[in-house]
Amino acid sequence: MFSPDQENHPSKAPVKYGELIVLGYNGSLPNGDRGRRKSRFALFKRTKANGVKPSTVHIACTPQAAKAISNKDQHSISYTLSRAQTVVVEYTHDSNTDMFQIGRSTESPIDFVVTDTVPGSQSNSDTQSVQSTISRFACRIICERNPPFTARIYAAGFDSSKNIFLGEKAAKWKTSDGQMDGLTTNGVLVMHPRNGFTEDSKPGVWREISVCGNVFSLRETRSAQQRGKMVENETNQLQDGSLIDLCGATLLWRTAEGLSRTPTVKHLEALRQEINAARPQCPVGFNTLAFPSMKRKDVVDEKQPWVYLNCGHVHGYHNWGNKEERDGKDRECPMCRSVGPYVPLWLGCEAGFYVDAGPPTHAFSPCGHVCSEKTTAYWSQIPLPHGTHTFHAACPFCAHQLAGEQGYIRLIFQGPLD
């Protein structure tokens, strides 16, 4: 981490609070990262604090009075209770925190633009036809500017007028201490893994975060009017490996400290070269197989390894055992005769998804993304929100729902015969 005297030496690297990585992308968006729309977003300490904190509460406002308050040049949250009554909470500048906003809107208050993740999409055009369920101003993260640089998440983000509006239909209520709170339409869900983000990690419980950062059990369905039960002993503080679901995209939060223990892209490249240097062979064609470079992660290469997903035997591409009466994808493995899907293998290039620096010995099923055994074991047990009320495990590199008993397989390579 950073030394305490970092503050006094502006020439040093800026303090990094952490990074948000969108699940379902293998190192970058399909058409490349551009500006605020990318697969990975780093949160750095701002040169000038831009955080806000609640101050004056205006109760029993008429709609006109509420409008006047929200037109002031400062942040506010409006809670519409009825056509005649609105509660407006003014927010004031907080010199101790930095605020970062995430959402679908491309307006200037949004720091990180997130669009719906379509499993396995190869281009942004694949995602355009989908009606988005991600809020335009989905959530905000507030980071403390002083060590230990705690990051907290809140539902909803301030719009271009510095306002958050919770309309009549939004779930909202008065808290025991007289403050207002509420939930956004599709909600912001968070899951903190147990034992941090390490090879010993276990999935935690998904919770919903309110506009004021309180923690609740999940609603019956994603946009139900009735809120869940408040969970008193849990907080909105993000930890290494926390997952944030925005109903259409899921983000992984990695702390700067956690990332310092994570394999780098250079490390993954060294592992790729190590596998290729062992010259694995196709047991049928005896040709040498090689994982293509990370820059060519979407185009099937002639030397690309393929795998039979039922048994894990790795081959080069060939037509052996391709019987016409079988459903297109099912093939018979020449080594053990087991019948199942036959798919190309792809290296997982997004280092932030790895829980350890182990060799790439296992692949997710049915997509064929390859990474370490502990990484496949971890993600295969994480239930990710899907739609309005279902959960399933998915490959972090492409968002495909996992299949088979475990959701992953051990790869069996054949070495050179010489």
# chains A, B, ... in the order shown; residues from 1 in each chain; ligands from 1
call {"tool": "residues_around", "arguments": {"residues": "range 101-115 of chain A", "least_positions_apart": "6", "cutoff": "9 Å", "atoms": "only C-alpha atoms", "output": "number ranges by chain"}}
result
A: 22, 35-41, 127, 132, 134-142, 156-160, 162, 246, 248-249
call {"tool": "write_last_selection", "arguments": {"atoms": "N, CA and C atoms", "output": "PDB file, in the first residue's frame"}}
result
ATOM      1  N   VAL A  22     -15.854  -5.015 -14.892  1.00  0.00           N
ATOM      2  CA  VAL A  22     -17.164  -5.538 -15.308  1.00  0.00           C
ATOM      3  C   VAL A  22     -17.041  -7.019 -15.645  1.00  0.00           C
ATOM      4  N   GLY A  35     -12.820   5.990 -23.684  1.00  0.00           N
ATOM      5  CA  GLY A  35     -13.197   7.027 -22.717  1.00  0.00           C
ATOM      6  C   GLY A  35     -13.739   6.452 -21.422  1.00  0.00           C
ATOM      7  N   ARG A  36     -14.955   6.897 -21.045  1.00  0.00           N
ATOM      8  CA  ARG A  36     -15.549   6.436 -19.778  1.00  0.00           C
ATOM      9  C   ARG A  36     -16.240   5.086 -19.926  1.00  0.00           C
ATOM     10  N   ARG A  37     -16.306   4.565 -21.162  1.00  0.00           N
ATOM     11  CA  ARG A  37     -16.941   3.256 -21.383  1.00  0.00           C
ATOM     12  C   ARG A  37     -15.847   2.228 -21.602  1.00  0.00           C
ATOM     13  N   LYS A  38     -15.601   1.401 -20.602  1.00  0.00           N
ATOM     14  CA  LYS A  38     -14.528   0.404 -20.668  1.00  0.00           C
ATOM     15  C   LYS A  38     -14.871  -0.761 -19.751  1.00  0.00           C
ATOM     16  N   SER A  39     -14.033  -1.789 -19.761  1.00  0.00           N
ATOM     17  CA  SER A  39     -14.351  -2.959 -18.937  1.00  0.00           C
ATOM     18  C   SER A  39     -13.742  -2.854 -17.546  1.00  0.00           C
ATOM     19  N   ARG A  40     -12.879  -1.851 -17.349  1.00  0.00           N
ATOM     20  CA  ARG A  40     -12.179  -1.740 -16.068  1.00  0.00           C
ATOM     21  C   ARG A  40     -11.965  -0.260 -15.758  1.00  0.00           C
ATOM     22  N   PHE A  41     -12.305   0.151 -14.541  1.00  0.00           N
ATOM     23  CA  PHE A  41     -12.242   1.564 -14.185  1.00  0.00           C
ATOM     24  C   PHE A  41     -11.496   1.724 -12.864  1.00  0.00           C
ATOM     25  N   THR A 127     -25.220  -5.923 -28.345  1.00  0.00           N
ATOM     26  CA  THR A 127     -25.880  -5.494 -27.119  1.00  0.00           C
ATOM     27  C   THR A 127     -26.881  -4.367 -27.347  1.00  0.00           C
ATOM     28  N   SER A 132     -32.416  -1.842 -21.962  1.00  0.00           N
ATOM     29  CA  SER A 132     -31.549  -1.818 -20.785  1.00  0.00           C
ATOM     30  C   SER A 132     -32.340  -1.798 -19.486  1.00  0.00           C
ATOM     31  N   ILE A 134     -30.359  -1.304 -16.669  1.00  0.00           N
ATOM     32  CA  ILE A 134     -29.435  -0.570 -15.803  1.00  0.00           C
ATOM     33  C   ILE A 134     -29.914   0.873 -15.692  1.00  0.00           C
ATOM     34  N   SER A 135     -29.929   1.390 -14.475  1.00  0.00           N
ATOM     35  CA  SER A 135     -30.361   2.770 -14.257  1.00  0.00           C
ATOM     36  C   SER A 135     -29.360   3.746 -14.888  1.00  0.00           C
ATOM     37  N   ARG A 136     -29.879   4.895 -15.358  1.00  0.00           N
ATOM     38  CA  ARG A 136     -28.995   5.901 -15.956  1.00  0.00           C
ATOM     39  C   ARG A 136     -28.005   6.427 -14.927  1.00  0.00           C
ATOM     40  N   PHE A 137     -28.469   6.613 -13.701  1.00  0.00           N
ATOM     41  CA  PHE A 137     -27.599   7.034 -12.593  1.00  0.00           C
ATOM     42  C   PHE A 137     -27.723   5.964 -11.518  1.00  0.00           C
ATOM     43  N   ALA A 138     -26.962   4.879 -11.681  1.00  0.00           N
ATOM     44  CA  ALA A 138     -27.228   3.650 -10.921  1.00  0.00           C
ATOM     45  C   ALA A 138     -26.751   3.701  -9.471  1.00  0.00           C
ATOM     46  N   CYS A 139     -25.498   4.096  -9.264  1.00  0.00           N
ATOM     47  CA  CYS A 139     -24.980   4.084  -7.897  1.00  0.00           C
ATOM     48  C   CYS A 139     -23.810   5.045  -7.770  1.00  0.00           C
ATOM     49  N   ARG A 140     -23.400   5.277  -6.542  1.00  0.00           N
ATOM     50  CA  ARG A 140     -22.236   6.130  -6.288  1.00  0.00           C
ATOM     51  C   ARG A 140     -21.363   5.470  -5.241  1.00  0.00           C
ATOM     52  N   ILE A 141     -20.064   5.670  -5.381  1.00  0.00           N
ATOM     53  CA  ILE A 141     -19.102   5.130  -4.416  1.00  0.00           C
ATOM     54  C   ILE A 141     -18.386   6.312  -3.784  1.00  0.00           C
ATOM     55  N   ILE A 142     -18.368   6.335  -2.467  1.00  0.00           N
ATOM     56  CA  ILE A 142     -17.713   7.417  -1.722  1.00  0.00           C
ATOM     57  C   ILE A 142     -16.464   6.847  -1.059  1.00  0.00           C
ATOM     58  N   ALA A 156     -28.243   4.784  -6.355  1.00  0.00           N
ATOM     59  CA  ALA A 156     -28.585   6.015  -7.084  1.00  0.00           C
ATOM     60  C   ALA A 156     -27.402   6.974  -7.181  1.00  0.00           C
ATOM     61  N   GLY A 157     -27.380   7.720  -8.283  1.00  0.00           N
ATOM     62  CA  GLY A 157     -26.344   8.731  -8.494  1.00  0.00           C
ATOM     63  C   GLY A 157     -27.005  10.071  -8.765  1.00  0.00           C
ATOM     64  N   PHE A 158     -26.295  11.151  -8.513  1.00  0.00           N
ATOM     65  CA  PHE A 158     -26.819  12.495  -8.761  1.00  0.00           C
ATOM     66  C   PHE A 158     -26.778  12.787 -10.261  1.00  0.00           C
ATOM     67  N   ASP A 159     -27.857  13.403 -10.767  1.00  0.00           N
ATOM     68  CA  ASP A 159     -27.927  13.700 -12.203  1.00  0.00           C
ATOM     69  C   ASP A 159     -27.227  15.033 -12.515  1.00  0.00           C
ATOM     70  N   SER A 160     -27.399  15.513 -13.748  1.00  0.00           N
ATOM     71  CA  SER A 160     -26.704  16.735 -14.182  1.00  0.00           C
ATOM     72  C   SER A 160     -27.137  17.963 -13.382  1.00  0.00           C
ATOM     73  N   LYS A 162     -27.547  17.792 -10.219  1.00  0.00           N
ATOM     74  CA  LYS A 162     -27.094  17.431  -8.864  1.00  0.00           C
ATOM     75  C   LYS A 162     -28.230  16.911  -7.984  1.00  0.00           C
ATOM     76  N   LEU A 246     -25.934  -4.300 -10.896  1.00  0.00           N
ATOM     77  CA  LEU A 246     -26.759  -3.156 -11.286  1.00  0.00           C
ATOM     78  C   LEU A 246     -27.953  -3.573 -12.147  1.00  0.00           C
ATOM     79  N   GLY A 248     -28.235  -5.973 -14.895  1.00  0.00           N
ATOM     80  CA  GLY A 248     -27.851  -5.880 -16.307  1.00  0.00           C
ATOM     81  C   GLY A 248     -26.345  -5.956 -16.459  1.00  0.00           C
ATOM     82  N   ALA A 249     -25.634  -5.620 -15.402  1.00  0.00           N
ATOM     83  CA  ALA A 249     -24.172  -5.750 -15.386  1.00  0.00           C
ATOM     84  C   ALA A 249     -23.737  -5.953 -13.942  1.00  0.00           C
TER      85      ALA A 249
END
call {"tool": "closest_atom_pairs", "arguments": {"of": "range 88-179 of chain A", "to": "range 386-396 of chain A", "cutoff": "12 Å", "atoms": "only C-alpha atoms", "output": "CSV"}}
result
residue,atom,partner,partner_atom,distance
A:Asp116,CA,A:Gly387,CA,11.4
A:Thr117,CA,A:His386,CA,10.9
A:Val118,CA,A:His386,CA,11.2
A:Pro119,CA,A:Ala394,CA,9.1
A:Gly120,CA,A:Cys395,CA,9.7
A:Ser132,CA,A:Gly387,CA,11.3
A:Thr133,CA,A:Gly387,CA,9.1
A:Ile134,CA,A:Gly387,CA,11.4
call {"tool": "closest_residue", "arguments": {"among": "A:Val300, A:Leu402, A:Ala66, A:Cys247", "to": "Cys367 in chain A", "atoms": "only C-alpha atoms"}}
result
A:Leu402
call {"tool": "select_by_dssp", "arguments": {"residues": "range 39-258 of chain A", "states": "alpha helix (DSSP H)", "output": "ChimeraX atom specification"}}
result
/A:63-70,125-128,256-258
call {"tool": "write_last_selection", "arguments": {"atoms": "all heavy atoms", "output": "compact mmCIF listing (two decimals), in the first residue's frame"}}
result
# COMPACT_ATOMS: atom_id res chain seq x y z
N PRO A 63 -44.68 20.63 -4.02
CA PRO A 63 -43.84 20.36 -5.20
C PRO A 63 -43.05 21.60 -5.65
O PRO A 63 -41.90 21.50 -6.05
CB PRO A 63 -44.85 19.94 -6.26
CG PRO A 63 -46.00 19.38 -5.49
CD PRO A 63 -46.06 20.18 -4.22
N GLN A 64 -43.68 22.81 -5.54
CA GLN A 64 -42.99 24.03 -5.97
C GLN A 64 -41.78 24.32 -5.07
O GLN A 64 -40.69 24.64 -5.55
CB GLN A 64 -43.95 25.25 -5.92
CG GLN A 64 -45.07 25.21 -6.92
CD GLN A 64 -46.23 24.28 -6.47
OE1 GLN A 64 -46.25 23.77 -5.36
NE2 GLN A 64 -47.17 24.07 -7.39
N ALA A 65 -41.98 24.18 -3.76
CA ALA A 65 -40.89 24.44 -2.81
C ALA A 65 -39.76 23.44 -3.03
O ALA A 65 -38.58 23.78 -3.01
CB ALA A 65 -41.41 24.36 -1.38
N ALA A 66 -40.14 22.17 -3.26
CA ALA A 66 -39.14 21.12 -3.50
C ALA A 66 -38.31 21.46 -4.73
O ALA A 66 -37.09 21.31 -4.74
CB ALA A 66 -39.84 19.77 -3.68
N LYS A 67 -39.01 21.97 -5.77
CA LYS A 67 -38.32 22.31 -7.01
C LYS A 67 -37.32 23.45 -6.77
O LYS A 67 -36.20 23.44 -7.26
CB LYS A 67 -39.34 22.70 -8.07
CG LYS A 67 -38.79 22.61 -9.47
CD LYS A 67 -39.87 22.78 -10.52
CE LYS A 67 -39.25 22.62 -11.90
NZ LYS A 67 -40.13 23.02 -12.97
N ALA A 68 -37.74 24.41 -5.96
CA ALA A 68 -36.88 25.56 -5.68
C ALA A 68 -35.60 25.11 -4.97
O ALA A 68 -34.50 25.57 -5.28
CB ALA A 68 -37.63 26.58 -4.83
N ILE A 69 -35.76 24.19 -3.99
CA ILE A 69 -34.59 23.71 -3.24
C ILE A 69 -33.67 22.93 -4.16
O ILE A 69 -32.45 23.12 -4.17
CB ILE A 69 -35.03 22.84 -2.04
CG1 ILE A 69 -35.84 23.68 -1.05
CG2 ILE A 69 -33.81 22.23 -1.34
CD1 ILE A 69 -36.68 22.86 -0.10
N SER A 70 -34.26 22.04 -4.99
CA SER A 70 -33.40 21.22 -5.85
C SER A 70 -32.77 22.02 -6.98
O SER A 70 -31.83 21.58 -7.60
CB SER A 70 -34.14 19.99 -6.37
OG SER A 70 -35.48 20.26 -6.61
N SER A 125 -22.50 -4.19 -31.14
CA SER A 125 -23.77 -4.25 -31.86
C SER A 125 -24.65 -5.37 -31.32
O SER A 125 -25.86 -5.31 -31.38
CB SER A 125 -23.53 -4.45 -33.36
OG SER A 125 -22.83 -5.67 -33.56
N ASP A 126 -24.01 -6.40 -30.73
CA ASP A 126 -24.80 -7.50 -30.15
C ASP A 126 -25.64 -7.01 -28.98
O ASP A 126 -26.62 -7.63 -28.60
CB ASP A 126 -23.87 -8.62 -29.62
CG ASP A 126 -23.07 -9.29 -30.72
OD1 ASP A 126 -23.41 -9.04 -31.89
OD2 ASP A 126 -22.14 -10.04 -30.41
N THR A 127 -25.22 -5.92 -28.34
CA THR A 127 -25.88 -5.49 -27.12
C THR A 127 -26.88 -4.37 -27.35
O THR A 127 -27.63 -4.02 -26.46
CB THR A 127 -24.83 -5.00 -26.09
OG1 THR A 127 -24.24 -3.80 -26.60
CG2 THR A 127 -23.76 -6.03 -25.85
N GLN A 128 -26.89 -3.80 -28.57
CA GLN A 128 -27.69 -2.58 -28.77
C GLN A 128 -29.19 -2.83 -28.75
O GLN A 128 -29.95 -1.97 -28.35
CB GLN A 128 -27.30 -1.91 -30.10
CG GLN A 128 -25.90 -1.33 -30.12
CD GLN A 128 -25.59 -0.45 -28.92
OE1 GLN A 128 -26.31 0.49 -28.64
NE2 GLN A 128 -24.54 -0.76 -28.19
N ALA A 256 -6.75 -1.60 -4.00
CA ALA A 256 -5.37 -1.44 -4.47
C ALA A 256 -4.48 -2.51 -3.83
O ALA A 256 -3.63 -3.10 -4.50
CB ALA A 256 -4.87 -0.04 -4.15
N GLU A 257 -4.73 -2.77 -2.55
CA GLU A 257 -3.92 -3.77 -1.85
C GLU A 257 -4.16 -5.17 -2.43
O GLU A 257 -3.23 -5.93 -2.66
CB GLU A 257 -4.27 -3.75 -0.36
CG GLU A 257 -3.33 -4.56 0.50
CD GLU A 257 -3.70 -4.52 1.97
OE1 GLU A 257 -4.71 -3.88 2.33
OE2 GLU A 257 -2.99 -5.16 2.76
N GLY A 258 -5.43 -5.49 -2.68
CA GLY A 258 -5.77 -6.79 -3.27
C GLY A 258 -5.14 -6.98 -4.63
O GLY A 258 -4.60 -8.04 -4.96
call {"tool": "select_by_dssp", "arguments": {"residues": "range 282-346 of chain A", "states": "strand (DSSP E)", "output": "list in words"}}
result
Trp306, Val307, Tyr308, Val314, His315, Asp330, Arg331, Glu332, Val339, Gly340, Pro341, Tyr342, Val343, Pro344 and Trp346 of chain A
call {"tool": "closest_residue", "arguments": {"among": "A:Lys53, A:Tyr79, A:Ile59, A:Tyr408", "to": "Asp94 in chain A", "atoms": "only C-alpha atoms"}}
result
A:Lys53
call {"tool": "residues_around", "arguments": {"residues": "range 372-376 of chain A", "least_positions_apart": "5", "cutoff": "12 Å", "atoms": "only C-alpha atoms", "output": "VMD selection string"}}
result
chain A and resid 197 to 202 262 to 263 268 271 to 272 347 to 365 381 to 382 393 to 397 402 406 to 411
call {"tool": "residues_around", "arguments": {"residues": "range 166-168 of chain A", "least_positions_apart": "5", "cutoff": "8 Å", "atoms": "only C-alpha atoms", "output": "compact mmCIF listing (two decimals) with C-alpha atoms, in the first residue's frame"}}
result
# COMPACT_ATOMS: atom_id res chain seq x y z
CA ILE A 77 -32.25 13.98 -2.78
CA SER A 78 -36.04 14.39 -3.19
CA TYR A 79 -38.44 11.81 -1.77
CA THR A 80 -41.95 12.25 -3.25
CA LEU A 81 -44.42 10.97 -0.64
CA SER A 82 -47.58 12.15 -2.42
CA ARG A 83 -48.59 14.72 -5.01
CA GLY A 182 -35.33 4.56 -0.24
CA THR A 184 -34.06 2.45 -6.66
call {"tool": "decode", "arguments": {"residues": "range 234-333 of chain A", "atoms": "C-alpha atoms", "output": "CSV table (one decimal), in the first residue's frame"}}
result
chain,number,residue,atom,x,y,z
A,234,GLU,CA,-23.7,-5.4,7.9
A,235,THR,CA,-22.4,-2.3,6.2
A,236,ASN,CA,-22.1,-0.8,2.7
A,237,GLN,CA,-18.3,-0.8,3.0
A,238,LEU,CA,-16.7,-2.4,0.0
A,239,GLN,CA,-14.0,-5.0,0.5
A,240,ASP,CA,-11.6,-6.7,-1.9
A,241,GLY,CA,-13.8,-9.0,-4.1
A,242,SER,CA,-17.2,-7.4,-3.3
A,243,LEU,CA,-19.6,-7.8,-6.2
A,244,ILE,CA,-22.0,-5.0,-7.2
A,245,ASP,CA,-25.0,-5.9,-9.4
A,246,LEU,CA,-26.8,-3.2,-11.3
A,247,CYS,CA,-29.4,-5.4,-12.9
A,248,GLY,CA,-27.9,-5.9,-16.3
A,249,ALA,CA,-24.2,-5.8,-15.4
A,250,THR,CA,-22.2,-7.0,-12.4
A,251,LEU,CA,-19.0,-5.3,-11.2
A,252,LEU,CA,-16.1,-6.7,-9.2
A,253,TRP,CA,-14.5,-4.3,-6.7
A,254,ARG,CA,-10.7,-4.9,-6.2
A,255,THR,CA,-8.8,-2.8,-3.6
A,256,ALA,CA,-5.4,-1.4,-4.5
A,257,GLU,CA,-3.9,-3.8,-1.8
A,258,GLY,CA,-5.8,-6.8,-3.3
A,259,LEU,CA,-4.6,-6.0,-6.8
A,260,SER,CA,-1.0,-5.8,-5.6
A,261,ARG,CA,-1.3,-9.6,-4.7
A,262,THR,CA,-3.0,-10.5,-8.0
A,263,PRO,CA,-1.2,-11.9,-11.0
A,264,THR,CA,-0.4,-9.3,-13.7
A,265,VAL,CA,-1.0,-9.5,-17.4
A,266,LYS,CA,2.8,-10.1,-17.7
A,267,HIS,CA,2.5,-13.1,-15.3
A,268,LEU,CA,-0.4,-14.5,-17.4
A,269,GLU,CA,1.6,-14.0,-20.6
A,270,ALA,CA,4.6,-15.9,-19.0
A,271,LEU,CA,2.2,-18.8,-18.1
A,272,ARG,CA,0.9,-18.8,-21.7
A,273,GLN,CA,4.5,-19.1,-23.0
A,274,GLU,CA,5.3,-21.8,-20.5
A,275,ILE,CA,2.4,-24.0,-21.7
A,276,ASN,CA,3.3,-23.4,-25.3
A,277,ALA,CA,7.0,-24.2,-24.6
A,278,ALA,CA,6.0,-27.6,-23.3
A,279,ARG,CA,4.7,-28.2,-26.9
A,280,PRO,CA,1.4,-30.0,-26.2
A,281,GLN,CA,0.3,-32.2,-29.1
A,282,CYS,CA,-3.0,-33.2,-30.7
A,283,PRO,CA,-3.3,-37.0,-30.0
A,284,VAL,CA,-5.0,-37.4,-33.4
A,285,GLY,CA,-3.0,-35.1,-35.8
A,286,PHE,CA,0.2,-35.1,-33.7
A,287,ASN,CA,0.5,-31.4,-34.6
A,288,THR,CA,1.8,-29.0,-31.9
A,289,LEU,CA,-0.8,-26.8,-30.2
A,290,ALA,CA,-0.3,-23.3,-28.9
A,291,PHE,CA,-2.5,-20.7,-27.2
A,292,PRO,CA,-2.7,-17.6,-29.4
A,293,SER,CA,-1.3,-14.3,-28.0
A,294,MET,CA,-3.5,-12.3,-25.7
A,295,LYS,CA,-4.1,-9.7,-28.4
A,296,ARG,CA,-5.7,-12.3,-30.6
A,297,LYS,CA,-8.2,-13.6,-28.1
A,298,ASP,CA,-11.3,-13.6,-30.4
A,299,VAL,CA,-10.0,-15.3,-33.5
A,300,VAL,CA,-9.7,-19.1,-33.6
A,301,ASP,CA,-6.1,-19.9,-34.6
A,302,GLU,CA,-5.0,-23.0,-36.5
A,303,LYS,CA,-2.8,-24.2,-33.6
A,304,GLN,CA,-5.6,-23.4,-31.1
A,305,PRO,CA,-6.2,-26.1,-28.5
A,306,TRP,CA,-9.7,-27.6,-28.4
A,307,VAL,CA,-11.2,-29.6,-25.6
A,308,TYR,CA,-13.9,-32.3,-25.1
A,309,LEU,CA,-15.9,-30.8,-22.3
A,310,ASN,CA,-17.0,-34.2,-20.8
A,311,CYS,CA,-13.6,-35.6,-20.3
A,312,GLY,CA,-11.1,-32.7,-20.6
A,313,HIS,CA,-8.9,-34.3,-23.3
A,314,VAL,CA,-7.2,-31.5,-25.3
A,315,HIS,CA,-6.8,-31.8,-29.1
A,316,GLY,CA,-6.2,-29.6,-32.1
A,317,TYR,CA,-9.2,-29.0,-34.3
A,318,HIS,CA,-10.1,-32.1,-36.4
A,319,ASN,CA,-13.2,-33.8,-37.9
A,320,TRP,CA,-12.8,-37.1,-36.2
A,321,GLY,CA,-15.9,-38.5,-34.5
A,322,ASN,CA,-18.2,-35.9,-36.1
A,323,LYS,CA,-21.3,-38.0,-36.6
A,324,GLU,CA,-24.1,-36.4,-38.6
A,325,GLU,CA,-26.9,-37.9,-36.5
A,326,ARG,CA,-25.6,-36.1,-33.5
A,327,ASP,CA,-26.6,-32.6,-32.5
A,328,GLY,CA,-24.1,-30.2,-34.2
A,329,LYS,CA,-21.8,-29.6,-31.2
A,330,ASP,CA,-21.6,-33.1,-29.6
A,331,ARG,CA,-18.5,-35.1,-30.6
A,332,GLU,CA,-16.9,-38.3,-29.5
A,333,CYS,CA,-13.5,-38.1,-27.9
